[in-house]
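File shown here: model-v2.txt, holding compact mmCIF, N, CA and C atoms.
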# COMPACT_ATOMS: atom_id res chain seq x y z
N MET F 28 14.64 214.77 297.39
CA MET F 28 13.85 215.58 296.50
C MET F 28 12.44 215.00 296.46
N LYS F 29 11.48 215.87 296.41
CA LYS F 29 10.07 215.47 296.37
C LYS F 29 9.61 215.50 294.91
N ILE F 30 9.33 214.29 294.36
CA ILE F 30 9.04 214.11 292.93
C ILE F 30 7.57 213.73 292.72
N LEU F 31 6.95 214.36 291.73
CA LEU F 31 5.59 214.02 291.31
C LEU F 31 5.66 213.49 289.88
N LEU F 32 5.38 212.21 289.71
CA LEU F 32 5.36 211.60 288.38
C LEU F 32 3.92 211.54 287.91
N GLY F 33 3.64 212.17 286.78
CA GLY F 33 2.31 212.12 286.18
C GLY F 33 2.31 211.15 285.02
N MET F 34 1.37 210.20 285.02
CA MET F 34 1.34 209.23 283.94
C MET F 34 -0.05 208.70 283.69
N GLY F 35 -0.29 208.31 282.44
CA GLY F 35 -1.50 207.59 282.07
C GLY F 35 -1.12 206.14 281.82
N GLY F 36 -1.87 205.46 281.00
CA GLY F 36 -1.62 204.05 280.76
C GLY F 36 -0.77 203.74 279.55
N ARG F 37 -0.22 204.77 278.89
CA ARG F 37 0.57 204.55 277.68
C ARG F 37 1.97 204.06 278.03
N ASP F 38 2.65 203.52 277.04
CA ASP F 38 4.00 202.98 277.22
C ASP F 38 4.98 204.04 277.73
N ASP F 39 4.88 205.27 277.22
CA ASP F 39 5.83 206.30 277.65
C ASP F 39 5.67 206.62 279.13
N GLY F 40 4.47 206.48 279.66
CA GLY F 40 4.26 206.68 281.09
C GLY F 40 4.95 205.61 281.92
N PHE F 41 4.86 204.36 281.46
CA PHE F 41 5.52 203.28 282.19
C PHE F 41 7.04 203.35 282.05
N GLU F 42 7.53 203.86 280.91
CA GLU F 42 8.98 204.09 280.77
C GLU F 42 9.44 205.16 281.75
N ALA F 43 8.65 206.21 281.88
CA ALA F 43 8.99 207.26 282.85
C ALA F 43 8.93 206.72 284.27
N LEU F 44 7.98 205.84 284.54
CA LEU F 44 7.88 205.22 285.87
C LEU F 44 9.14 204.44 286.18
N GLU F 45 9.61 203.62 285.24
CA GLU F 45 10.81 202.81 285.46
C GLU F 45 12.02 203.70 285.74
N ALA F 46 12.21 204.74 284.94
CA ALA F 46 13.35 205.64 285.13
C ALA F 46 13.26 206.38 286.47
N THR F 47 12.05 206.78 286.84
CA THR F 47 11.87 207.52 288.09
C THR F 47 12.03 206.61 289.30
N LEU F 48 11.58 205.36 289.20
CA LEU F 48 11.78 204.41 290.28
C LEU F 48 13.27 204.14 290.51
N GLU F 49 14.02 204.04 289.42
CA GLU F 49 15.46 203.81 289.53
C GLU F 49 16.13 204.98 290.25
N ARG F 50 15.77 206.19 289.85
CA ARG F 50 16.35 207.37 290.49
C ARG F 50 15.94 207.46 291.95
N ALA F 51 14.67 207.20 292.25
CA ALA F 51 14.18 207.26 293.63
C ALA F 51 14.92 206.26 294.51
N ARG F 52 15.17 205.09 293.98
CA ARG F 52 15.89 204.06 294.73
C ARG F 52 17.33 204.51 295.00
N GLU F 53 17.99 205.09 294.01
CA GLU F 53 19.39 205.51 294.14
C GLU F 53 19.54 206.78 294.98
N ALA F 54 18.65 207.73 294.79
CA ALA F 54 18.80 209.04 295.43
C ALA F 54 17.96 209.20 296.70
N GLY F 55 17.06 208.25 296.96
CA GLY F 55 16.20 208.37 298.13
C GLY F 55 15.12 209.43 297.99
N ASP F 56 14.68 209.67 296.75
CA ASP F 56 13.63 210.66 296.51
C ASP F 56 12.32 210.24 297.14
N ASN F 57 11.53 211.22 297.50
CA ASN F 57 10.16 211.02 297.98
C ASN F 57 9.27 211.07 296.74
N LEU F 58 8.73 209.92 296.34
CA LEU F 58 8.01 209.80 295.07
C LEU F 58 6.51 209.65 295.27
N THR F 59 5.77 210.45 294.51
CA THR F 59 4.32 210.30 294.39
C THR F 59 4.00 210.11 292.92
N VAL F 60 3.23 209.07 292.61
CA VAL F 60 2.81 208.81 291.23
C VAL F 60 1.35 209.22 291.11
N ALA F 61 1.09 210.15 290.21
CA ALA F 61 -0.28 210.59 289.93
C ALA F 61 -0.74 209.91 288.65
N VAL F 62 -1.68 208.98 288.78
CA VAL F 62 -2.23 208.29 287.61
C VAL F 62 -3.34 209.18 287.07
N LEU F 63 -3.16 209.61 285.83
CA LEU F 63 -4.03 210.61 285.22
C LEU F 63 -5.16 209.98 284.43
N GLU F 64 -6.30 210.58 284.53
CA GLU F 64 -7.44 210.19 283.70
C GLU F 64 -7.32 210.97 282.40
N THR F 65 -7.02 210.27 281.32
CA THR F 65 -6.86 210.92 280.01
C THR F 65 -7.81 210.27 279.02
N SER F 66 -7.95 210.88 277.85
CA SER F 66 -8.86 210.34 276.85
C SER F 66 -8.39 208.98 276.33
N SER F 67 -7.08 208.73 276.38
CA SER F 67 -6.57 207.44 275.91
C SER F 67 -6.63 206.38 277.00
N GLU F 68 -7.18 206.75 278.12
CA GLU F 68 -7.19 205.90 279.31
C GLU F 68 -8.61 205.44 279.63
N ASP F 69 -8.84 204.13 279.60
CA ASP F 69 -10.16 203.63 279.92
C ASP F 69 -10.34 203.31 281.39
N ASP F 70 -9.32 202.75 282.02
CA ASP F 70 -9.47 202.27 283.38
C ASP F 70 -8.34 202.77 284.26
N VAL F 71 -8.54 203.89 284.91
CA VAL F 71 -7.53 204.50 285.78
C VAL F 71 -7.17 203.56 286.92
N ASP F 72 -8.15 202.84 287.45
CA ASP F 72 -7.89 201.93 288.57
C ASP F 72 -6.97 200.78 288.16
N ALA F 73 -7.13 200.27 286.95
CA ALA F 73 -6.26 199.20 286.46
C ALA F 73 -4.83 199.70 286.29
N VAL F 74 -4.67 200.92 285.79
CA VAL F 74 -3.34 201.49 285.64
C VAL F 74 -2.71 201.71 287.01
N ALA F 75 -3.48 202.22 287.96
CA ALA F 75 -2.98 202.44 289.32
C ALA F 75 -2.53 201.12 289.95
N ALA F 76 -3.27 200.05 289.71
CA ALA F 76 -2.89 198.73 290.24
C ALA F 76 -1.58 198.26 289.62
N ALA F 77 -1.42 198.47 288.31
CA ALA F 77 -0.17 198.08 287.63
C ALA F 77 1.01 198.90 288.16
N VAL F 78 0.77 200.17 288.43
CA VAL F 78 1.81 201.04 288.99
C VAL F 78 2.22 200.56 290.38
N ARG F 79 1.24 200.24 291.22
CA ARG F 79 1.55 199.73 292.56
C ARG F 79 2.37 198.45 292.49
N GLU F 80 2.04 197.60 291.53
CA GLU F 80 2.78 196.35 291.35
C GLU F 80 4.24 196.62 290.98
N ARG F 81 4.48 197.55 290.03
CA ARG F 81 5.84 197.90 289.62
C ARG F 81 6.62 198.52 290.78
N ILE F 82 5.95 199.34 291.58
CA ILE F 82 6.61 199.95 292.74
C ILE F 82 7.03 198.87 293.73
N ALA F 83 6.14 197.93 294.00
CA ALA F 83 6.45 196.85 294.94
C ALA F 83 7.60 195.99 294.43
N GLU F 84 7.61 195.70 293.13
CA GLU F 84 8.69 194.90 292.54
C GLU F 84 10.04 195.59 292.65
N ASN F 85 10.03 196.93 292.65
CA ASN F 85 11.27 197.70 292.71
C ASN F 85 11.69 198.02 294.14
N GLY F 86 10.85 197.72 295.11
CA GLY F 86 11.20 197.95 296.50
C GLY F 86 11.34 199.42 296.87
N VAL F 87 10.56 200.27 296.22
CA VAL F 87 10.60 201.70 296.49
C VAL F 87 9.35 202.08 297.28
N ASP F 88 9.52 202.97 298.24
CA ASP F 88 8.37 203.47 299.00
C ASP F 88 7.80 204.68 298.25
N ALA F 89 6.62 204.54 297.68
CA ALA F 89 6.01 205.61 296.90
C ALA F 89 4.50 205.62 297.12
N THR F 90 3.93 206.77 296.94
CA THR F 90 2.49 206.96 297.05
C THR F 90 1.89 206.97 295.65
N VAL F 91 0.74 206.31 295.49
CA VAL F 91 0.03 206.31 294.21
C VAL F 91 -1.33 206.93 294.44
N ARG F 92 -1.68 207.88 293.59
CA ARG F 92 -3.00 208.51 293.69
C ARG F 92 -3.56 208.69 292.29
N THR F 93 -4.88 208.69 292.20
CA THR F 93 -5.51 208.95 290.90
C THR F 93 -5.92 210.41 290.84
N VAL F 94 -5.82 210.95 289.63
CA VAL F 94 -6.12 212.36 289.42
C VAL F 94 -7.17 212.46 288.34
N ARG F 95 -8.26 213.08 288.67
CA ARG F 95 -9.35 213.27 287.71
C ARG F 95 -9.47 214.76 287.40
N GLY F 96 -10.01 215.06 286.26
CA GLY F 96 -10.09 216.44 285.82
C GLY F 96 -9.06 216.68 284.74
N HIS F 97 -8.77 217.94 284.43
CA HIS F 97 -7.78 218.27 283.41
C HIS F 97 -6.40 217.87 283.91
N PRO F 98 -5.76 216.87 283.28
CA PRO F 98 -4.51 216.32 283.81
C PRO F 98 -3.40 217.34 284.01
N GLY F 99 -3.15 218.18 283.01
CA GLY F 99 -2.07 219.16 283.12
C GLY F 99 -2.30 220.16 284.23
N SER F 100 -3.50 220.68 284.29
CA SER F 100 -3.85 221.65 285.32
C SER F 100 -3.76 221.04 286.71
N GLU F 101 -4.25 219.82 286.85
CA GLU F 101 -4.21 219.14 288.14
C GLU F 101 -2.77 218.88 288.59
N LEU F 102 -1.91 218.43 287.67
CA LEU F 102 -0.51 218.19 288.03
C LEU F 102 0.18 219.47 288.49
N ALA F 103 0.00 220.54 287.74
CA ALA F 103 0.63 221.81 288.11
C ALA F 103 0.12 222.29 289.47
N SER F 104 -1.17 222.14 289.72
CA SER F 104 -1.74 222.57 291.00
C SER F 104 -1.23 221.72 292.16
N ILE F 105 -1.20 220.41 291.97
CA ILE F 105 -0.70 219.51 293.03
C ILE F 105 0.74 219.85 293.36
N ALA F 106 1.57 220.02 292.33
CA ALA F 106 2.99 220.31 292.55
C ALA F 106 3.17 221.60 293.35
N GLU F 107 2.41 222.62 292.99
CA GLU F 107 2.53 223.91 293.68
C GLU F 107 1.95 223.83 295.10
N ASP F 108 0.75 223.29 295.23
CA ASP F 108 0.07 223.26 296.52
C ASP F 108 0.76 222.37 297.55
N GLU F 109 1.42 221.30 297.08
CA GLU F 109 1.99 220.33 298.01
C GLU F 109 3.51 220.36 298.08
N GLY F 110 4.11 221.38 297.48
CA GLY F 110 5.54 221.60 297.63
C GLY F 110 6.45 220.60 296.94
N PHE F 111 6.06 220.12 295.77
CA PHE F 111 6.92 219.21 295.03
C PHE F 111 8.07 220.00 294.40
N ASP F 112 9.22 219.35 294.28
CA ASP F 112 10.40 219.98 293.68
C ASP F 112 10.45 219.78 292.17
N ARG F 113 9.83 218.71 291.69
CA ARG F 113 9.93 218.37 290.27
C ARG F 113 8.71 217.56 289.84
N ILE F 114 8.29 217.81 288.59
CA ILE F 114 7.26 216.99 287.94
C ILE F 114 7.98 216.19 286.86
N VAL F 115 7.71 214.90 286.80
CA VAL F 115 8.28 214.04 285.76
C VAL F 115 7.14 213.52 284.89
N LEU F 116 7.34 213.57 283.58
CA LEU F 116 6.35 213.10 282.61
C LEU F 116 7.05 212.29 281.53
N GLY F 117 6.35 211.32 280.99
CA GLY F 117 6.84 210.61 279.82
C GLY F 117 6.40 211.35 278.57
N GLY F 118 7.10 211.15 277.49
CA GLY F 118 6.66 211.75 276.24
C GLY F 118 7.74 212.53 275.54
N GLY F 119 7.33 213.28 274.57
CA GLY F 119 8.26 214.08 273.81
C GLY F 119 8.88 213.27 272.68
N GLN F 120 8.07 212.83 271.75
CA GLN F 120 8.55 212.05 270.60
C GLN F 120 9.17 212.99 269.58
N ARG F 121 10.19 212.50 268.88
CA ARG F 121 10.82 213.31 267.83
C ARG F 121 10.12 213.11 266.50
N SER F 122 9.95 214.20 265.77
CA SER F 122 9.38 214.15 264.43
C SER F 122 10.48 213.69 263.46
N PRO F 123 10.11 213.36 262.22
CA PRO F 123 11.12 212.97 261.23
C PRO F 123 12.17 214.07 260.99
N LEU F 124 11.83 215.32 261.27
CA LEU F 124 12.78 216.41 261.09
C LEU F 124 13.57 216.71 262.37
N GLY F 125 13.36 215.92 263.40
CA GLY F 125 14.13 216.07 264.62
C GLY F 125 13.54 216.99 265.67
N LYS F 126 12.36 217.51 265.42
CA LYS F 126 11.71 218.38 266.40
C LYS F 126 10.96 217.53 267.41
N ILE F 127 10.86 218.02 268.63
CA ILE F 127 10.14 217.28 269.66
C ILE F 127 8.66 217.63 269.58
N ASN F 128 7.83 216.61 269.48
CA ASN F 128 6.38 216.77 269.50
C ASN F 128 5.88 216.43 270.89
N LEU F 129 5.24 217.38 271.54
CA LEU F 129 4.74 217.17 272.89
C LEU F 129 3.25 216.89 272.86
N GLY F 130 2.81 216.03 273.77
CA GLY F 130 1.39 215.80 273.94
C GLY F 130 0.76 216.98 274.67
N GLU F 131 -0.54 217.00 274.70
CA GLU F 131 -1.29 218.10 275.31
C GLU F 131 -0.94 218.28 276.78
N VAL F 132 -0.86 217.19 277.52
CA VAL F 132 -0.58 217.28 278.96
C VAL F 132 0.83 217.81 279.20
N ALA F 133 1.81 217.24 278.51
CA ALA F 133 3.20 217.68 278.68
C ALA F 133 3.36 219.15 278.33
N GLU F 134 2.75 219.58 277.24
CA GLU F 134 2.85 220.98 276.84
C GLU F 134 2.23 221.89 277.90
N PHE F 135 1.06 221.53 278.40
CA PHE F 135 0.40 222.35 279.41
C PHE F 135 1.28 222.47 280.66
N VAL F 136 1.80 221.33 281.12
CA VAL F 136 2.62 221.34 282.34
C VAL F 136 3.88 222.16 282.13
N LEU F 137 4.56 221.98 280.99
CA LEU F 137 5.78 222.74 280.72
C LEU F 137 5.52 224.24 280.72
N LEU F 138 4.40 224.65 280.19
CA LEU F 138 4.09 226.08 280.09
C LEU F 138 3.52 226.68 281.37
N ASN F 139 2.98 225.86 282.25
CA ASN F 139 2.25 226.41 283.40
C ASN F 139 2.79 226.03 284.78
N ALA F 140 3.63 225.02 284.88
CA ALA F 140 4.11 224.60 286.20
C ALA F 140 5.14 225.58 286.74
N ASP F 141 5.12 225.77 288.04
CA ASP F 141 6.07 226.65 288.72
C ASP F 141 7.28 225.88 289.25
N VAL F 142 7.37 224.59 288.94
CA VAL F 142 8.49 223.78 289.39
C VAL F 142 9.19 223.20 288.15
N THR F 143 10.35 222.62 288.36
CA THR F 143 11.10 221.99 287.28
C THR F 143 10.30 220.83 286.71
N VAL F 144 10.32 220.71 285.38
CA VAL F 144 9.62 219.61 284.71
C VAL F 144 10.65 218.80 283.93
N THR F 145 10.63 217.48 284.11
CA THR F 145 11.53 216.58 283.39
C THR F 145 10.69 215.69 282.47
N LEU F 146 11.07 215.66 281.19
CA LEU F 146 10.44 214.75 280.24
C LEU F 146 11.34 213.55 280.05
N VAL F 147 10.80 212.37 280.20
CA VAL F 147 11.55 211.14 279.99
C VAL F 147 11.16 210.61 278.62
N ARG F 148 12.14 210.47 277.74
CA ARG F 148 11.89 209.97 276.38
C ARG F 148 12.59 208.67 276.20
Would you mind writing the file out in C-alpha cells?
Amino acid sequence: MKILLGMGGRDDGFEALEATLERAREAGDNLTVAVLETSSEDDVDAVAAAVRERIAENGVDATVRTVRGHPGSELASIAEDEGFDRIVLGGGQRSPLGKINLGEVAEFVLLNADVTVTLVR
C-alpha cells in the first residue's frame, strides 16, 4: 500500500509516525512522510531531520519531503496526483463530552481527499 503521512512538529504527529512506521515495517507499505509547514511549526527542517532519524532507527525505507503552502490542500493534492492509497494524520482529540475535535488540517483533508484517510489518536 502506498501511504502518505502528513505531520507537523506536534506530539500527535510523532505518535502517528510511530504507528505508521510499525505498520510499514510489518506490511511492507511504501511510506512517504510529508512534513507540513503549519502555524505551530517554527522549523520544518528540524522536524524533517527528527523524522529521518526516527525512520533510520526503525529500519524502514521511507521518503521524507517538506510541504509548504496550505497543508490540507497540499496533502490532498499530493495523494491524488501521485496515486497514494491512504493519507495518515495524527489528531482527533476527544472533548469532555466524548466528541472528536479535529484540527484544521485534519478536517480539511477528511472533507476533501479522494483517498482513505486514517486518523491516529
Long-range neighbours of Met34 of chain F as a VMD selection string, 8 Å cut-off, all atoms listed in the file, 6 positions minimum in chain: chain F and resid 40 to 41 43 to 44 60 to 65 115 to 117
Residue contacts of Val132 of chain F (8 Å, only C-alpha atoms) excluding same-chain residues fewer than 2 positions away, as a list in words: Pro98, Gly99, Gly130, Glu134, Phe135 and Val136 of chain F
Those in chain F with strand (DSSP E or B) from DSSP, as a ChimeraX atom specification: /F:29-34,57-63,89-94,113-117,120-121,127-128,143-147
Backbone DSSP call of alpha helix (DSSP H) for segment 29-99 of chain F, listed as number ranges by chain: F: 38-54, 71-85, 98-99
Nearest to Asp56 of chain F by atom-to-atom distance, counting only C-alpha atoms, from F:Glu101, F:Asp39, F:Glu84, F:Asp112: F:Asp112
Contacts of segment 68-82 of chain F within 7 Å, all atoms listed in the file, excl. fewer than 3 positions in-chain, as a list of chain:residue names: F:Gly35, F:Gly36, F:Val62, F:Leu63, F:Glu64, F:Thr65, F:Asn85, F:Gly86, F:Val87, F:Asp88, F:Ala89, F:Val91, F:Arg92, F:Thr93
For atom CA of Met28 of chain F and atom CA of Leu129 of chain F, the interatomic separation in Å (one decimal):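 For atom CA of Met28 of chain F relative to atom CA of Leu129 of chain F, the distance reads 25.4 Å.
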Interatomic distance, atom CA of Ala54 of chain F to atom CA of Thr90 of chain F (Å, one decimal): 16.5 Å
Distance in Å - atom C of Glu107 of chain F versus atom N of Arg95 of chain F: 16.2 Å
Best match for closeness to Asn57 of chain F among F:Asp38, F:Gly119, F:Thr143, F:Ile30, counting all atoms listed in the file: F:Ile30
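Distances from F:Val144, F:Leu102, F:Leu48, F:Leu58 to Ile114 of chain F were compared using only C-alpha atoms, and the smallest one belongs to F:Val144.
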Nearest-residue call for Ser100 of chain F, choices F:Ala46, F:Leu32, F:Leu137, F:Val147, using only C-alpha atoms: F:Leu137
Best match for closeness to Gln120 of chain F among F:Arg148, F:Ala83, F:Ala106, F:Gly55, counting all atoms listed in the file: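 Of F:Arg148, F:Ala83, F:Ala106, F:Gly55, the one nearest Gln120 of chain F is F:Arg148, counting all atoms listed in the file.
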